[in-house]
Amino acid sequence: LLDGSFHSDPPHRSAKQIIPAMKRLFSATQLAADPTVVEPFYLCTVAVDESHIGGVFKVICDRRGCIMSDDIQCGTPLHTIKAFVPVLESFGLSEALRTA
């Protein structure tokens, strides 16, 4: 909205003049917008031994997860994996990781 004009007479400057114009404005902006659906994600941090890292990667990828980093903890055989997993796919994730 760049400019607007109202009736110069104060009795005509009421909600009856402003609300319909704003309603049309917001309806037009919703129709002109490019809607997107955004899915919520969890950031999961998993500490795993080197011998089980393949199973953890498989479980995360099977659940449409996106692995962000795989860091080795100095002085230990553990890897720290950070991944984004969709909330919908996260139900039962801990049990699946334990069996992997």
# chains A, B, ... in the order shown; residues from 1 in each chain; ligands from 1

$ select_by_dssp --residues "stretch 13-100 of chain A" --states "strand (DSSP E or B)" --output "list in words"
Phe41, Tyr42, Leu43, Cys44, Thr45, Val46, Ala47, Val48, Asp49, Cys66, Ile67, Met68, Ser69, Asp70, Asp71, Ile72, Leu78, His79, Thr80, Ile81, Lys82, Ala83, Phe84, Val85 and Pro86 of chain A

$ select_by_dssp --residues "chain A" --states "helix (DSSP H, G or I)" --output "ChimeraX atom specification"
/A:10-12,15-32,50-62,87-89,93-99

$ residues_around --residues "A:Val48" --least-positions-apart "3" --cutoff "8 Å" --atoms "only C-alpha atoms" --output "list in words"
His52, Ile53, Val56, Leu78, His79, Thr80 and Ile81 of chain A

$ write_last_selection --atoms "N, CA, C and O atoms" --output "PDB file, in the first residue's frame"
ATOM      1  N   HIS A  52      29.636 -48.808  15.171  1.00  0.00           N
ATOM      2  CA  HIS A  52      28.196 -48.710  14.930  1.00  0.00           C
ATOM      3  C   HIS A  52      27.803 -47.495  14.095  1.00  0.00           C
ATOM      4  O   HIS A  52      26.620 -47.218  13.933  1.00  0.00           O
ATOM      5  N   ILE A  53      28.769 -46.771  13.565  1.00  0.00           N
ATOM      6  CA  ILE A  53      28.464 -45.520  12.875  1.00  0.00           C
ATOM      7  C   ILE A  53      27.658 -45.748  11.600  1.00  0.00           C
ATOM      8  O   ILE A  53      26.781 -44.964  11.252  1.00  0.00           O
ATOM      9  N   VAL A  56      23.943 -46.121  12.444  1.00  0.00           N
ATOM     10  CA  VAL A  56      23.331 -44.842  12.825  1.00  0.00           C
ATOM     11  C   VAL A  56      23.067 -43.996  11.581  1.00  0.00           C
ATOM     12  O   VAL A  56      21.995 -43.398  11.439  1.00  0.00           O
ATOM     13  N   LEU A  78      34.775 -42.501  19.939  1.00  0.00           N
ATOM     14  CA  LEU A  78      33.413 -42.017  19.717  1.00  0.00           C
ATOM     15  C   LEU A  78      33.346 -40.962  18.622  1.00  0.00           C
ATOM     16  O   LEU A  78      34.239 -40.133  18.473  1.00  0.00           O
ATOM     17  N   HIS A  79      32.269 -41.002  17.884  1.00  0.00           N
ATOM     18  CA  HIS A  79      31.940 -39.980  16.896  1.00  0.00           C
ATOM     19  C   HIS A  79      30.697 -39.241  17.389  1.00  0.00           C
ATOM     20  O   HIS A  79      29.785 -39.852  17.938  1.00  0.00           O
ATOM     21  N   THR A  80      30.660 -37.939  17.177  1.00  0.00           N
ATOM     22  CA  THR A  80      29.478 -37.145  17.495  1.00  0.00           C
ATOM     23  C   THR A  80      28.835 -36.738  16.177  1.00  0.00           C
ATOM     24  O   THR A  80      29.433 -36.025  15.369  1.00  0.00           O
ATOM     25  N   ILE A  81      27.617 -37.213  15.965  1.00  0.00           N
ATOM     26  CA  ILE A  81      26.887 -36.945  14.724  1.00  0.00           C
ATOM     27  C   ILE A  81      25.784 -35.949  15.036  1.00  0.00           C
ATOM     28  O   ILE A  81      25.012 -36.143  15.977  1.00  0.00           O
TER      29      ILE A  81
END

$ closest_residue --among "A:Val38, A:Phe26, A:Val46, A:Thr99" --to "A:Ala83" --atoms "only C-alpha atoms"
A:Val46

$ residues_around --residues "A:Lys58" --least-positions-apart "2" --cutoff "12 Å" --atoms "only C-alpha atoms" --output "ChimeraX atom specification"
/A:52-56,60-67,93,96-97,99-100

$ closest_residue --among "A:Ser27, A:Thr36, A:Ala47, A:Val59" --to "A:Lys82" --atoms "only C-alpha atoms"
A:Ala47

$ closest_residue --among "A:Leu43, A:Glu50, A:Pro35, A:Phe57" --to "A:Val85" --atoms "only C-alpha atoms"
A:Leu43
